[in-house]
Structures are given as C-alpha cells and as structure tokens.
file structure-v7.cif (mmCIF, C-alpha atoms)
data_structure
loop_
_atom_site.label_atom_id
_atom_site.label_comp_id
_atom_site.auth_asym_id
_atom_site.auth_seq_id
_atom_site.Cartn_x
_atom_site.Cartn_y
_atom_site.Cartn_z
CA MET X 1 95.92 -68.42 -86.35
CA ILE X 2 92.66 -67.25 -84.74
CA ASP X 3 91.91 -63.61 -84.37
CA GLU X 4 91.58 -62.39 -80.77
CA GLU X 5 88.25 -60.71 -81.61
CA VAL X 6 86.79 -64.02 -82.79
CA LYS X 7 87.90 -65.62 -79.54
CA ALA X 8 86.22 -62.85 -77.54
CA VAL X 9 82.96 -63.33 -79.45
CA ILE X 10 83.03 -67.10 -78.81
CA LEU X 11 83.71 -66.47 -75.14
CA ALA X 12 80.80 -64.01 -74.90
CA ILE X 13 78.40 -66.50 -76.55
CA ILE X 14 79.55 -69.24 -74.16
CA ILE X 15 79.08 -67.01 -71.10
CA VAL X 16 75.58 -65.86 -72.15
CA ALA X 17 74.44 -69.41 -73.01
CA GLY X 18 75.92 -70.78 -69.77
CA VAL X 19 74.32 -68.15 -67.54
CA PHE X 20 70.97 -68.62 -69.30
CA SER X 21 70.97 -72.41 -68.92
CA ILE X 22 72.04 -72.27 -65.26
CA ALA X 23 69.32 -69.68 -64.51
CA GLN X 24 66.74 -71.88 -66.25
CA LEU X 25 67.83 -74.89 -64.23
CA ILE X 26 67.68 -73.09 -60.89
CA ALA X 27 64.41 -71.25 -61.59
CA SER X 28 62.57 -74.27 -62.96
CA GLY X 29 59.45 -75.06 -60.92
CA ARG X 30 59.44 -71.71 -59.11
CA VAL X 31 56.27 -69.65 -59.19
CA VAL X 32 57.01 -66.05 -60.12
CA GLU X 33 53.56 -64.63 -59.48
CA PRO X 34 51.48 -66.79 -57.13
CA PHE X 35 47.70 -66.50 -57.31
CA SER X 36 44.44 -68.28 -56.57
CA ALA X 37 41.35 -67.97 -58.71
CA ILE X 38 37.66 -68.42 -58.04
CA GLY X 39 35.01 -68.48 -60.74
CA LEU X 40 31.27 -68.93 -60.79
CA LEU X 41 29.75 -71.09 -63.51
CA GLY X 42 26.13 -71.48 -64.48
CA PRO X 43 23.98 -74.62 -64.08
CA LYS X 44 25.43 -76.03 -67.32
CA MET X 45 28.96 -75.73 -65.93
CA LYS X 46 29.70 -72.85 -68.32
CA ILE X 47 30.05 -69.09 -68.04
CA GLY X 48 26.48 -67.95 -68.70
CA ASP X 49 22.88 -69.05 -68.15
CA TYR X 50 23.01 -67.73 -64.61
CA PRO X 51 19.64 -67.63 -62.85
CA LYS X 52 18.29 -64.09 -62.40
CA ASN X 53 14.91 -64.76 -60.86
CA VAL X 54 14.27 -67.65 -58.49
CA LEU X 55 11.47 -68.65 -56.18
CA VAL X 56 11.70 -68.87 -52.44
CA ASN X 57 13.15 -72.29 -51.49
CA GLN X 58 13.93 -73.08 -55.12
CA THR X 59 17.27 -74.86 -55.49
CA ILE X 60 19.83 -72.66 -57.20
CA ASN X 61 22.31 -74.92 -58.99
CA LEU X 62 25.67 -73.42 -59.82
CA TYR X 63 29.28 -74.50 -60.04
CA LEU X 64 32.35 -73.04 -58.40
CA PHE X 65 35.72 -73.18 -60.14
CA ILE X 66 38.80 -73.00 -57.92
CA ASP X 67 42.34 -72.77 -59.27
CA ASN X 68 45.56 -72.95 -57.27
CA HIS X 69 48.74 -71.31 -58.60
CA GLU X 70 50.19 -70.36 -55.22
CA GLY X 71 53.19 -72.63 -55.63
CA HIS X 72 52.17 -74.91 -52.78
CA LEU X 73 49.31 -76.95 -51.36
CA MET X 74 46.30 -74.84 -50.35
CA TYR X 75 43.31 -75.33 -48.06
CA TYR X 76 40.44 -73.21 -49.32
CA VAL X 77 37.20 -72.50 -47.52
CA ILE X 78 34.52 -70.92 -49.69
CA TYR X 79 31.68 -69.15 -47.89
CA ALA X 80 28.40 -68.60 -49.71
CA LYS X 81 26.82 -65.46 -48.26
CA LEU X 82 23.62 -63.61 -48.93
CA GLY X 83 24.15 -59.89 -49.26
CA ASN X 84 22.42 -56.95 -50.86
CA ARG X 85 23.25 -53.64 -52.56
CA SER X 86 24.71 -52.14 -49.40
CA THR X 87 26.90 -55.14 -48.55
CA MET X 88 30.44 -53.93 -48.53
CA ILE X 89 33.10 -56.29 -49.90
CA ASN X 90 36.55 -55.77 -51.39
CA GLU X 91 39.90 -57.52 -51.45
CA ASN X 92 40.64 -56.59 -47.86
CA VAL X 93 37.22 -56.75 -46.24
CA SER X 94 34.92 -59.77 -46.39
CA ALA X 95 31.15 -59.32 -46.53
CA ASN X 96 29.30 -58.94 -43.29
CA ALA X 97 26.33 -61.05 -44.39
CA PRO X 98 24.62 -64.28 -43.32
CA ILE X 99 26.40 -67.48 -44.38
CA LEU X 100 24.31 -69.83 -46.51
CA ASP X 101 26.84 -72.62 -46.92
CA ARG X 102 30.50 -73.50 -46.67
CA TYR X 103 32.75 -75.56 -48.98
CA GLU X 104 36.19 -76.85 -48.02
CA ILE X 105 38.76 -77.80 -50.65
CA ILE X 106 42.36 -78.99 -50.49
CA LEU X 107 44.15 -78.37 -53.76
CA PRO X 108 47.78 -78.97 -54.79
CA HIS X 109 49.66 -76.34 -56.79
CA GLY X 110 48.73 -76.22 -60.48
CA GLU X 111 45.44 -78.04 -59.98
CA ASN X 112 41.87 -76.82 -60.30
CA ILE X 113 38.53 -78.17 -59.26
CA THR X 114 34.92 -77.49 -60.19
CA ILE X 115 32.43 -78.21 -57.42
CA PRO X 116 28.63 -78.21 -57.60
CA VAL X 117 26.78 -75.69 -55.46
CA SER X 118 23.13 -76.04 -54.45
CA LEU X 119 21.57 -73.24 -52.47
CA LYS X 120 18.11 -72.23 -51.32
CA ILE X 121 16.95 -68.82 -50.16
CA GLN X 122 14.13 -68.97 -47.70
CA LYS X 123 12.57 -65.53 -48.01
CA PRO X 124 11.73 -63.09 -50.81
CA TYR X 125 14.58 -60.78 -51.65
CA ARG X 126 14.95 -58.05 -54.25
CA ASN X 127 18.43 -57.42 -55.62
CA ALA X 128 19.96 -60.13 -53.52
CA ARG X 129 23.67 -60.62 -53.90
CA LEU X 130 24.89 -64.20 -53.72
CA ILE X 131 28.50 -63.81 -52.67
CA PHE X 132 31.15 -66.53 -52.73
CA GLU X 133 34.20 -65.60 -50.71
CA MET X 134 37.52 -67.36 -50.78
CA TRP X 135 39.14 -67.94 -47.42
CA ILE X 136 42.27 -69.96 -46.72
CA TYR X 137 43.38 -72.01 -43.77
CA ASP X 138 46.69 -70.66 -42.54
CA PRO X 139 48.78 -73.59 -41.22
CA VAL X 140 51.04 -71.26 -39.22
CA SER X 141 48.39 -69.41 -37.22
CA GLU X 142 45.94 -72.34 -37.56
CA THR X 143 43.11 -69.96 -38.41
CA LEU X 144 41.00 -69.11 -41.41
CA ARG X 145 41.98 -65.94 -43.26
CA TYR X 146 40.10 -64.01 -45.97
CA HIS X 147 42.08 -64.37 -49.20
CA GLY X 148 40.64 -61.28 -50.91
CA ARG X 149 38.96 -63.13 -53.78
CA TRP X 150 35.21 -63.27 -54.31
CA VAL X 151 32.54 -63.67 -56.96
CA GLN X 152 28.91 -62.62 -56.87
CA LEU X 153 25.59 -63.17 -58.57
CA TRP X 154 22.66 -60.74 -58.49
CA ILE X 155 19.29 -62.44 -58.17
CA ASN X 156 15.70 -61.63 -57.31
CA VAL X 157 13.96 -64.06 -55.01
CA THR X 158 10.19 -64.00 -55.27
CA ALA X 159 7.50 -65.78 -53.31
CA PRO X 160 5.59 -68.40 -55.32
CA THR X 161 2.16 -67.12 -56.38
CA ILE X 162 -0.84 -69.13 -55.22
CA SER X 163 -3.44 -69.53 -57.96
CA MET I 1 0.52 -82.33 -17.76
CA LYS I 2 3.68 -81.80 -15.76
CA GLU I 3 4.89 -85.27 -16.71
CA LEU I 4 4.31 -84.54 -20.40
CA ALA I 5 6.23 -81.28 -20.17
CA ALA I 6 9.07 -82.97 -18.30
CA SER I 7 9.33 -85.78 -20.87
CA LEU I 8 9.22 -83.27 -23.74
CA ILE I 9 12.02 -81.25 -22.18
CA SER I 10 14.10 -84.37 -21.57
CA VAL I 11 13.59 -85.48 -25.22
CA LEU I 12 14.68 -82.03 -26.38
CA ILE I 13 17.75 -82.07 -24.15
CA ILE I 14 18.76 -85.58 -25.26
CA SER I 15 18.29 -84.75 -28.96
CA SER I 16 20.26 -81.51 -28.63
CA ILE I 17 23.06 -83.39 -26.87
CA MET I 18 23.01 -85.98 -29.67
CA ILE I 19 23.11 -83.28 -32.35
CA GLN I 20 25.94 -81.53 -30.49
CA GLY I 21 27.76 -84.86 -30.31
CA CYS I 22 27.36 -85.43 -34.05
CA MET I 23 28.53 -81.92 -34.85
CA GLY I 24 31.43 -82.37 -32.47
CA GLU I 25 32.46 -85.56 -34.20
CA ASN I 26 32.42 -83.83 -37.60
CA GLU I 27 34.42 -80.94 -36.17
CA ASP I 28 36.96 -83.41 -34.74
CA VAL I 29 37.52 -84.96 -38.16
CA ILE I 30 37.78 -81.49 -39.77
CA ARG I 31 40.31 -80.50 -37.09
CA SER I 32 42.41 -83.61 -37.74
CA ILE I 33 42.24 -82.95 -41.51
CA ARG I 34 43.49 -79.39 -40.94
CA ASP I 35 46.22 -80.62 -38.64
CA THR I 36 47.35 -83.18 -41.22
CA TYR I 37 47.19 -80.49 -43.91
CA SER I 38 49.58 -78.32 -41.84
CA LYS I 39 52.01 -81.24 -41.60
CA LEU I 40 51.66 -81.86 -45.32
CA VAL I 41 52.53 -78.22 -46.10
CA LYS I 42 55.72 -78.58 -44.03
CA ALA I 43 56.50 -81.82 -45.86
CA GLU I 44 56.01 -80.06 -49.21
CA GLU I 45 58.46 -77.36 -48.14
CA LYS I 46 60.99 -80.16 -47.62
CA GLY I 47 60.47 -81.30 -51.20
CA ALA I 48 57.81 -83.98 -50.68
CA ASP I 49 55.38 -84.74 -53.50
CA VAL I 50 52.07 -84.29 -51.68
CA ARG I 51 49.71 -84.64 -54.66
CA ASP I 52 48.30 -88.07 -53.77
CA ALA I 53 48.12 -87.26 -50.06
CA ALA I 54 46.23 -84.04 -50.87
CA MET I 55 43.75 -86.00 -52.98
CA LYS I 56 43.11 -88.30 -50.02
CA LEU I 57 42.54 -85.36 -47.68
CA GLN I 58 40.17 -83.83 -50.22
CA LYS I 59 38.28 -87.13 -50.30
CA ALA I 60 38.14 -87.11 -46.49
CA LEU I 61 36.63 -83.60 -46.59
CA LYS I 62 34.06 -84.80 -49.10
CA LEU I 63 33.17 -87.71 -46.81
CA VAL I 64 32.66 -85.35 -43.86
CA GLU I 65 30.41 -83.20 -46.05
CA GLU I 66 28.43 -86.29 -47.05
CA ALA I 67 28.22 -87.36 -43.40
CA GLU I 68 26.60 -84.00 -42.54
CA GLU I 69 23.90 -84.63 -45.13
CA ASN I 70 23.46 -88.36 -44.71
CA SER I 71 22.70 -89.16 -41.08
CA GLU I 72 22.10 -92.88 -41.75
CA ASN I 73 25.65 -93.62 -42.93
CA ARG I 74 27.22 -90.86 -40.90
CA GLU I 75 29.32 -93.11 -38.69
CA ALA I 76 30.61 -95.21 -41.60
CA LEU I 77 31.46 -92.12 -43.65
CA LEU I 78 33.25 -90.44 -40.75
CA SER I 79 35.17 -93.60 -39.98
CA GLU I 80 36.28 -93.83 -43.62
CA ALA I 81 37.37 -90.18 -43.47
CA ARG I 82 39.33 -90.86 -40.27
CA GLU I 83 41.06 -93.83 -41.93
CA LEU I 84 42.08 -91.67 -44.89
CA VAL I 85 43.47 -88.97 -42.60
CA GLU I 86 45.42 -91.59 -40.63
CA GLU I 87 46.77 -93.06 -43.88
CA VAL I 88 48.01 -89.62 -44.97
CA ARG I 89 49.42 -88.86 -41.54
CA SER I 90 51.44 -92.08 -41.45
CA SER I 91 52.78 -91.53 -44.97
CA ILE I 92 54.22 -88.06 -44.19
CA PRO I 93 57.66 -89.23 -42.86
CA ILE I 94 58.18 -91.37 -45.98
CA LEU I 95 57.15 -88.46 -48.21
CA ILE I 96 59.61 -86.14 -46.43
CA GLU I 97 62.40 -88.70 -46.81
CA GLU I 98 61.67 -89.06 -50.53
CA GLY I 99 61.47 -85.27 -50.91
CA GLU I 100 64.83 -84.73 -49.21
CA LYS I 101 66.39 -87.35 -51.49
CA LYS I 102 64.85 -85.64 -54.51
CA ILE I 103 66.24 -82.23 -53.44
CA PHE I 104 69.68 -83.77 -52.85
CA TRP I 105 69.79 -85.29 -56.34
CA ARG I 106 68.45 -82.10 -57.86
CA ASN I 107 71.28 -80.13 -56.25
CA ILE I 108 73.77 -82.71 -57.53
CA ALA I 109 72.27 -82.33 -61.03
CA ILE I 110 72.54 -78.52 -60.86
CA ALA I 111 76.15 -78.71 -59.67
CA SER I 112 76.99 -81.22 -62.42
CA VAL I 113 75.42 -79.04 -65.10
CA VAL I 114 77.29 -75.97 -63.84
CA ALA I 115 80.58 -77.91 -63.82
CA MET I 116 79.86 -79.35 -67.26
CA ILE I 117 79.11 -75.91 -68.70
CA ALA I 118 82.38 -74.57 -67.23
CA ILE I 119 84.42 -77.47 -68.66
CA LEU I 120 82.72 -77.25 -72.05
CA SER I 121 83.27 -73.49 -72.14
CA PHE I 122 86.97 -73.98 -71.44
CA LEU I 123 87.27 -76.70 -74.09
CA THR I 124 85.32 -74.68 -76.65
CA TYR I 125 87.37 -71.56 -75.98
CA TYR I 126 90.71 -73.28 -76.37
CA TYR I 127 90.03 -76.07 -78.83
CA GLY I 128 86.88 -74.84 -80.62
CA PRO I 129 88.55 -72.58 -83.20
CA ARG I 130 91.26 -75.15 -83.93
CA LEU I 131 88.63 -77.85 -84.36
CA PHE I 132 86.54 -75.56 -86.54
CA TRP I 133 89.37 -74.74 -88.94
CA THR I 134 90.58 -78.35 -89.05
CA LEU I 135 87.10 -79.45 -90.06
CA TRP I 136 86.82 -76.56 -92.50
CA LEU I 137 90.04 -77.58 -94.19
CA LYS I 138 89.07 -81.28 -94.17
CA ILE I 139 85.73 -80.56 -95.84
CA ARG I 140 87.28 -78.34 -98.48
CA SER I 141 90.53 -80.31 -98.98
CA ARG I 142 89.34 -81.74 -102.31
CA TRP I 143 88.17 -78.49 -103.70
CA VAL I 144 89.78 -77.42 -106.92
CA ILE I 145 90.30 -73.75 -107.38
CA GLU I 146 90.05 -72.63 -110.96
CA ILE I 147 90.99 -69.19 -112.11
CA ILE I 148 88.35 -68.17 -114.61
CA GLU I 149 89.75 -64.82 -115.58
CA ARG I 150 93.12 -63.39 -114.87
CA VAL I 151 92.80 -59.81 -113.97
CA ARG I 152 95.44 -57.75 -115.53
CA GLU I 153 98.00 -56.23 -113.27
CA ASN I 154 97.13 -52.77 -114.55
CA ASP I 155 93.39 -53.23 -113.90
CA ARG I 156 93.98 -54.31 -110.34
CA ARG I 157 95.97 -51.17 -109.73
CA GLY I 158 93.13 -49.15 -111.18
CA GLY I 159 95.27 -47.70 -113.88
#
call {"tool": "encode", "arguments": {"input": "structure-v7.cif", "output": "structure tokens"}}
result
Amino acid sequence: MIDEEVKAVILAIIIVAGVFSIAQLIASGRVVEPFSAIGLLGPKMKIGDYPKNVLVNQTINLYLFIDNHEGHLMYYVIYAKLGNRSTMINENVSANAPILDRYEIILPHGENITIPVSLKIQKPYRNARLIFEMWIYDPVSETLRYHGRWVQLWINVTAPTIS
Amino acid sequence: MKELAASLISVLIISSIMIQGCMGENEDVIRSIRDTYSKLVKAEEKGADVRDAAMKLQKALKLVEEAEENSENREALLSEARELVEEVRSSIPILIEEGEKKIFWRNIAIASVVAMIAILSFLTYYYGPRLFWTLWLKIRSRWVIEIIERVRENDRRGG
C-alpha cells in the first residue's frame, strides 16, 4: 500500500517536470532580449591599433563588426560621419555631421559580419570624430530609421609637410 | 569662342545626365533589394527560412557597391545583382509554403509532447508506485535476512 503523501510528492514532481518541458518546447527559438551590435576594429581586424594621427587624403583602414540578435532578418545601413567635439550624438539623436560613406548590410538573426572600411579625410582636422552610426531599414514604413547604436574614433588629421 | 562654350556646356549636360542615369540605375537596384527584403521579412514571420535568400540579397548589395566603384563593369555587375534579386523574389512563395508546413508540424509536435506528458503523468501516478515496489521486491527476492544478534526483550523495552 502506497502512502498518500508519497503519491502527492510524485504528482508534484510530474507537474513541475511537465510544465518545465512544455515551457521549454514553446519558448525554444524565441529571443528574450533582442539587440543589434556594432563594433569598430583596427586595421588588423582586432580591437586595438587604431590610427590616432593620419595625413590628409591618407586611407584610413578599419573594420566594422555588425551582429544581429533581433530575432529576425535585418537591413542595416551604417553611415560614416565626420564630427568633432561639439557633435551631439546619443541613442535617440543621430549626429548632424557630413557623411563620408555608407555601408548597407542584410543580416539574418544570429549572424554577424565584419566589413572592411576605407576612408579618406580631405582637409586637416584637429580632434576629428569618426562616427559610425547604425540605421535600419524599416519594412513597414519603408524608410531608414536611426537604431541608436554608434561607435566613434578620435583622430587628428594633419596636412603633409613639404620638405 | 561661343561655339567652344556651347560645346563645353553640352558636354557637361550630357555627362551629368549620364551620371544621373548611372546613379538612378544603382538606386533602382537598391530599391528593388529593399522591396524584396520587405517581402522576405514577411515570409520569415510566416516561418520561412530566409538565410540563403538573405545571403543572396547581401551579395546583390555588394555587387551594387562594386558597380559604384567600377564603372567599366558597372552594367554587368548591376545585371548580376538584378538577377540575384529576381531569384530571391521568385523563391519567396516556396519559402513561405515551406515555412507554413514547418510551423504546422512544429505545432503538431508541441501538441503531441503535451499529450504524451499528460498520459505519462497519469500512468506514472497510478502505476508508478506499484511498478516501483514490484521491481524492489523482485530485486531483493533472493536476499537472505540473517539475525546477527537477538536483542533481549528487556533491552528493547529499555528496562
């Protein structure tokens, strides 16, 4: 004869295990916290060795790392802008600065891509801010929207000296 | 002098029209890529696996970028990009169909697992203890119990 308390314990274990496995099954593949990431890598495709001083019209070679964890396919547009100390940028407001270049990327969920970036600055600039902004193409409104992510690199651009 | 100025202006106008035309062509391809992307997002919502299609669109974007830099092969690159976009566009209905099938079978699998858990719970609740004790007895049926020391009746009573 089985004690009623033992039966109750068995029933409780069964219920907990059942609820847990059903929840796992339903929640599998769902993204709890969607996010996109943008990273700036140096010329050796690593974090570091970033150029600090460049010459006017010298090619600045960098790499951009883009990661999609939004839970769905994304269309990113990355704007390279040239700002300065007073350029205002945050997660709601994009920089009001001249655009140097534009990169368009389509990335499925869970994928990342590293793209080469080659830029030239055509005039001397002290404390220039090379800003890379992440924008997304919104398929509903069919417009580009600032996604609130950006990275920046401070550089000094000097004119080549004539000897 | 007037003739020279007139010919210079006409050359400028023609070249600007040509540049505008080239830019327009690039923009057209970009627009069709974005349009296809929107359709692909809708397909993904319906369960379609859009990974390969997305790769093709990304390649098309790369080709447009190359076409902007390489004016010699511009037409060939743009045409290749257009072909890729068309390929993706035509594959969308099949992807949606496959996605809907996948979702259907996934729902069936979830329902089956839920039903299986319920049945197993019922069986375990009712027959589990009986099965456990039967096995317990079967495993220990050949055990021999030996009394090593007989405790005296008085000791047991604590007297």
call {"tool": "atom_distance", "arguments": {"input": "structure-v7.cif", "atom1": "atom CA of X:Ile38", "atom2": "atom CA of X:Val54"}}
result
23.4 Å
call {"tool": "residues_around", "arguments": {"input": "structure-v7.cif", "residues": "I:Lys102", "least_positions_apart": "3", "cutoff": "10 Å", "atoms": "all atoms listed in the file", "output": "ChimeraX atom specification"}}
result
/I:46-49,96-99,105-108
call {"tool": "resolve_selection", "arguments": {"input": "structure-v7.cif", "expression": "the PyMOL selection byres ((chain X) within 10 of (chain I))", "output": "MDAnalysis selection string"}}
result
chainID X and resid 1:3 6:11 13:15 17:19 21:22 25:26 72:75 102:109 111 137:140 142:143
call {"tool": "atom_distance", "arguments": {"input": "structure-v7.cif", "atom1": "atom CA of X:Lys44", "atom2": "atom CA of X:Lys120"}}
result
18.0 Å
call {"tool": "resolve_selection", "arguments": {"input": "structure-v7.cif", "expression": "the PyMOL selection byres ((chain X and resi 78) around 8)", "output": "VMD selection string"}}
result
chain X and resid 76 to 77 79 to 80 102 to 104 132 to 135
call {"tool": "residues_near_point", "arguments": {"input": "structure-v7.cif", "point": "(23.4, -69.7, -63.6)", "cutoff": "6 Å", "atoms": "all atoms listed in the file", "output": "ChimeraX atom specification"}}
result
/X:42-43,49-51,62
call {"tool": "atom_distance", "arguments": {"input": "structure-v7.cif", "atom1": "atom CA of I:Glu68", "atom2": "atom CA of X:Pro160"}}
result
29.1 Å
call {"tool": "resolve_selection", "arguments": {"input": "structure-v7.cif", "expression": "the PyMOL selection byres ((chain X and resi 69) around 6)", "output": "mmCIF file with C-alpha atoms, keeping the file's coordinate frame"}}
result
data_model
loop_
_atom_site.group_PDB
_atom_site.id
_atom_site.type_symbol
_atom_site.label_atom_id
_atom_site.label_comp_id
_atom_site.auth_asym_id
_atom_site.auth_seq_id
_atom_site.Cartn_x
_atom_site.Cartn_y
_atom_site.Cartn_z
ATOM 1 C CA PRO X 34 51.480 -66.790 -57.130
ATOM 2 C CA PHE X 35 47.700 -66.500 -57.310
ATOM 3 C CA SER X 36 44.440 -68.280 -56.570
ATOM 4 C CA ASN X 68 45.560 -72.950 -57.270
ATOM 5 C CA GLU X 70 50.190 -70.360 -55.220
ATOM 6 C CA GLY X 71 53.190 -72.630 -55.630
ATOM 7 C CA HIS X 109 49.660 -76.340 -56.790
ATOM 8 C CA GLY X 110 48.730 -76.220 -60.480
#
call {"tool": "residues_around", "arguments": {"input": "structure-v7.cif", "residues": "I:Leu78", "least_positions_apart": "5", "cutoff": "7 Å", "atoms": "all atoms listed in the file", "output": "PyMOL selection string"}}
result
chain I and resi 63-64+67
